[in-house]
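One structure below.
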Amino acid sequence: MRIGVVTFPGTLDDRDAARAVNRGGAEAIALWHADADLKNVDAVILPGGFSYGDYLRCGAISRFAPVMKLVIEAAHKGMPVLGICNGFQVLCESHLLPGALTRNSDLHFLCCDQQIEIVNNTTSWTSSFAAGEKITIPLKNGEGSFQCDDQTLIQLEDEGRIVARYVGDNPNGSRNLIAGITNSRGNVVGLMPHPEHAIDPLTGPTSQGLGFFTSILNAMVR
Amino acid sequence: MAIIVVDVMLKPEILDPQGNAVASALPRLGFTFARSVRQGKRFEIEVEGEPTPDQFAEVEKAAEVLLSNPVIETYAVRVEK
């Protein structure tokens with residue numbers, strides 16, 4: 001199974017994402033923002049970082065990159081897409097996911113190990129977890145506060161589209177402690193914390209992030 | 001040559017931590033006039049000649065698609081005299 005990892009100018013976490021994909025048992029395929037070709041991948045990861053320098057708004061310019069046109073089309077047809085941190089911002093700007101990520105409520109850039117609860121384990125990217133399972137993975141963002149209107153929030157809650165919630169104090173002001181959401185089909189997931197940095201206790205706080213990268217294999221086998 | 005200005009502001013219901021930080025810095029400097037502060041963005045777009053209605057409409061489209069995020073922001077387009 002081939003999983004594309006997109007690199008935009010300013011992306012930081014593409015190498016860790018590729019490493020996590022390989023560790024999970026799939027083959028990571030490097031995709032470049034200017035590519036007009038998805039190289040026959042079965043799924044795509046938009047990794048973290050500061051694509052296009054976060055100019056204008058985080059993810060606002062990346063949304064119009066040539067590769068994103070293909071990713072958006074494929075996502076609408078059901079291809080699994082995982083956006084992590086900056087990738088989550090790109091998915092919101094692309095309208096593949098509702099809402100927006102705004103400045104952390106206390107204005108500080110966050111960098112910590114964060115406990116999250118997997119609320120929805122039926123998506124393409126979370127089936128390796130038990131529902132309600134709590135895992136600890138890094139959280140590092142400046143604009144990670146998930147915001148949306150009341151109607152969207154009610155819809156997300158009612159349809160079970162909250163994928164993960166922060167446990168404990170709200171780290172960034174996200175509504176309803178939202179750390180990740182999915183689309184109605186469950187193939188597109190946006191996540192603010194970083195599972196790709198927690199796949200090996202040698203280099204991360206835990207290896208509990210690996211579940212995102214093994215889930216996608218289950219999704220493909222099904 | 002004319003300048004078309006696009007002002008982008010966070011919607012009132014969206015938390016504006018930057019505006020709040022400015023609002024709390026003002027009184028520390030002795031400026032006590034502010035009940036609250038909202039911070040936004042201003043784009044100044046230079047165009048050849050007087051802007052035509054079509055051009056104005058195009059800028060409005062760009063404001064909707066790129067310059068603002070309608071999920072969290074509003075925009076206003078005007079010609080700077």
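Following the order of the structure tokens, first chain is A, next is B, and so on, with residues numbered from 1 inside each chain and ligands from 1 in the order they appear.
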I'd like the contact shell of Gln18 in chain B - 8 Å cut-off, only C-alpha atoms, skipping same-chain residues fewer than 6 positions apart - returned as a short mmCIF file (atom, residue, chain, number, x, y, z; two decimals) with N, CA, C and O atoms, in the first residue's frame.
```cif
data_model
loop_
_atom_site.label_atom_id
_atom_site.label_comp_id
_atom_site.auth_asym_id
_atom_site.auth_seq_id
_atom_site.Cartn_x
_atom_site.Cartn_y
_atom_site.Cartn_z
N LEU A 107 -2.13 32.94 23.11
CA LEU A 107 -1.17 33.52 22.17
C LEU A 107 0.19 32.83 22.14
O LEU A 107 1.02 33.11 21.29
N ARG B 38 -10.46 44.87 18.51
CA ARG B 38 -10.46 43.77 17.55
C ARG B 38 -9.38 44.06 16.51
O ARG B 38 -9.27 45.19 16.03
N GLN B 39 -8.58 43.07 16.18
CA GLN B 39 -7.50 43.28 15.23
C GLN B 39 -7.85 42.60 13.91
O GLN B 39 -8.35 41.46 13.90
#
```
For chain A, list the residues within 7 Å of chain B, counting only C-alpha atoms, and write the list as a ChimeraX atom specification.
/A:60,99-100,103,105-107
Range 33-41 of chain A surroundings by only C-alpha atoms, 9 Å radius, close-in-sequence under 2 positions cut, as a ChimeraX atom specification:
/A:1-4,6-9,28-29,31,43-44,62,65-71
Need to verify the contact set: Trp125 in chain A, 10 Å, only C-alpha atoms, exclusion of same-chain residues closer than 5 positions in sequence. Can you return it as a tab-separated table (two decimals) with C-alpha atoms, in the first residue's frame?
```
chain	number	residue	atom	x	y	z
A	80	PRO	CA	-8.28	8.53	2.87
A	81	VAL	CA	-6.57	11.83	3.76
A	82	LEU	CA	-4.97	12.67	7.11
A	120	ASN	CA	-14.35	8.05	17.12
A	163	VAL	CA	-12.28	12.12	16.28
A	182	THR	CA	-13.58	13.92	10.37
A	186	GLY	CA	-14.86	9.21	7.69
A	187	ASN	CA	-12.09	9.17	5.08
A	188	VAL	CA	-10.76	12.68	5.78
A	189	VAL	CA	-9.35	13.33	9.25
A	190	GLY	CA	-7.74	16.49	10.61
A	211	GLY	CA	-2.15	3.48	15.63
A	212	PHE	CA	-3.04	6.16	13.05
A	213	PHE	CA	-0.60	4.60	10.59
A	214	THR	CA	-1.72	1.01	11.17
A	215	SER	CA	-5.41	1.96	11.03
A	216	ILE	CA	-5.05	3.01	7.43
A	217	LEU	CA	-3.86	-0.47	6.50
A	218	ASN	CA	-7.03	-1.94	8.05
A	219	ALA	CA	-9.08	0.59	6.12
```
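Near Thr206 in chain A, within 8 Å and counting only C-alpha atoms, sit Thr136, Ile137, Ala198, Ile199 and Asp200 of chain A, not including residues fewer than 6 positions from it in the same chain.
The interatomic distance for the pair CA of Ser184 in chain A and CA of Glu157 in chain A works out to 11.5 Å.
The environment of Ala57 in chain B within 10 Å, counting only C-alpha atoms and disregarding residues fewer than 6 places along the same chain, consists of Pro51, Ala63 and Val77 of chain B.
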Using DSSP secondary structure from the backbone, list all alpha helix (DSSP H) positions within range 13-55 of chain A, as an mmCIF file with N, CA and C atoms, in the first residue's frame.
```
data_model
loop_
_atom_site.group_PDB
_atom_site.id
_atom_site.type_symbol
_atom_site.label_atom_id
_atom_site.label_comp_id
_atom_site.auth_asym_id
_atom_site.auth_seq_id
_atom_site.Cartn_x
_atom_site.Cartn_y
_atom_site.Cartn_z
ATOM 1 N N ASP A 14 7.383 16.206 7.259
ATOM 2 C CA ASP A 14 7.195 15.216 6.201
ATOM 3 C C ASP A 14 8.067 13.981 6.423
ATOM 4 N N ARG A 15 9.290 14.196 6.919
ATOM 5 C CA ARG A 15 10.178 13.043 7.131
ATOM 6 C C ARG A 15 9.659 12.147 8.230
ATOM 7 N N ASP A 16 9.219 12.753 9.335
ATOM 8 C CA ASP A 16 8.670 11.943 10.429
ATOM 9 C C ASP A 16 7.400 11.234 9.977
ATOM 10 N N ALA A 17 6.583 11.922 9.172
ATOM 11 C CA ALA A 17 5.340 11.296 8.685
ATOM 12 C C ALA A 17 5.679 10.099 7.798
ATOM 13 N N ALA A 18 6.688 10.253 6.926
ATOM 14 C CA ALA A 18 7.089 9.157 6.037
ATOM 15 C C ALA A 18 7.635 7.982 6.862
ATOM 16 N N ARG A 19 8.410 8.334 7.886
ATOM 17 C CA ARG A 19 8.963 7.292 8.769
ATOM 18 C C ARG A 19 7.830 6.548 9.470
ATOM 19 N N ALA A 20 6.838 7.288 9.924
ATOM 20 C CA ALA A 20 5.706 6.662 10.620
ATOM 21 C C ALA A 20 4.915 5.759 9.672
ATOM 22 N N VAL A 21 4.751 6.204 8.425
ATOM 23 C CA VAL A 21 4.047 5.398 7.429
ATOM 24 C C VAL A 21 4.777 4.076 7.219
ATOM 25 N N ASN A 22 6.090 4.165 7.048
ATOM 26 C CA ASN A 22 6.877 2.954 6.817
ATOM 27 C C ASN A 22 6.847 2.036 8.039
ATOM 28 N N ARG A 23 6.924 2.649 9.224
ATOM 29 C CA ARG A 23 6.884 1.866 10.453
ATOM 30 C C ARG A 23 5.536 1.167 10.615
ATOM 31 N N GLY A 24 4.483 1.833 10.128
ATOM 32 C CA GLY A 24 3.140 1.256 10.207
ATOM 33 C C GLY A 24 2.932 0.092 9.249
#
```
Have a look at A:Gly160, A:Gly180, A:Gly168, A:Pro193 and name the one nearest to Leu97 in chain A; count only C-alpha atoms.
A:Gly180
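For Leu12 in chain A, the set of protein, DNA and RNA residues having any atom at most 8 Å away, when counting only C-alpha atoms and skipping those fewer than 2 positions along the same chain, is Gly10, Asp14, Arg15, Pro47, Gly48, Gly49 and Phe50 of chain A.
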Please produce a file of those selected residues containing all heavy atoms, as a compact mmCIF listing (two decimals), in the first residue's frame.
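See selection05.txt below for the written result:
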```
# COMPACT_ATOMS: atom_id res chain seq x y z
N GLY A 10 8.13 24.92 3.29
CA GLY A 10 7.86 25.27 4.69
C GLY A 10 7.31 24.13 5.52
O GLY A 10 7.10 24.28 6.72
N ASP A 14 7.38 16.21 7.26
CA ASP A 14 7.19 15.22 6.20
C ASP A 14 8.07 13.98 6.42
O ASP A 14 7.64 12.86 6.18
CB ASP A 14 7.43 15.83 4.81
CG ASP A 14 8.63 16.75 4.76
OD1 ASP A 14 9.16 17.11 5.82
OD2 ASP A 14 9.04 17.13 3.64
N ARG A 15 9.29 14.20 6.92
CA ARG A 15 10.18 13.04 7.13
C ARG A 15 9.66 12.15 8.23
O ARG A 15 9.68 10.93 8.11
CB ARG A 15 11.58 13.52 7.50
CG ARG A 15 12.23 14.28 6.38
CD ARG A 15 13.59 13.74 6.12
NE ARG A 15 14.13 14.36 4.92
CZ ARG A 15 15.29 14.02 4.39
NH1 ARG A 15 16.01 13.08 4.96
NH2 ARG A 15 15.71 14.62 3.30
N PRO A 47 1.37 16.75 6.11
CA PRO A 47 2.07 16.82 7.40
C PRO A 47 2.10 18.23 7.99
O PRO A 47 1.62 19.19 7.38
CB PRO A 47 3.47 16.33 7.05
CG PRO A 47 3.64 16.61 5.60
CD PRO A 47 2.28 16.69 4.97
N GLY A 48 2.70 18.31 9.16
CA GLY A 48 2.76 19.58 9.87
C GLY A 48 3.88 20.49 9.37
O GLY A 48 4.71 20.10 8.56
N GLY A 49 3.86 21.70 9.85
CA GLY A 49 4.89 22.67 9.47
C GLY A 49 4.29 24.05 9.27
O GLY A 49 3.27 24.40 9.89
N PHE A 50 4.93 24.80 8.40
CA PHE A 50 4.50 26.18 8.15
C PHE A 50 4.47 26.41 6.65
O PHE A 50 5.25 27.18 6.09
CB PHE A 50 5.46 27.18 8.82
CG PHE A 50 5.55 27.00 10.31
CD1 PHE A 50 6.43 26.09 10.86
CD2 PHE A 50 4.74 27.74 11.16
CE1 PHE A 50 6.50 25.91 12.24
CE2 PHE A 50 4.79 27.56 12.52
CZ PHE A 50 5.68 26.65 13.07
```
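The space between CA of Leu177 in chain A and CA of Gly83 in chain A spans 18.0 Å.
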Atom pair CA of Tyr52 in chain A + CA of Leu153 in chain A, distance 29.0 Å
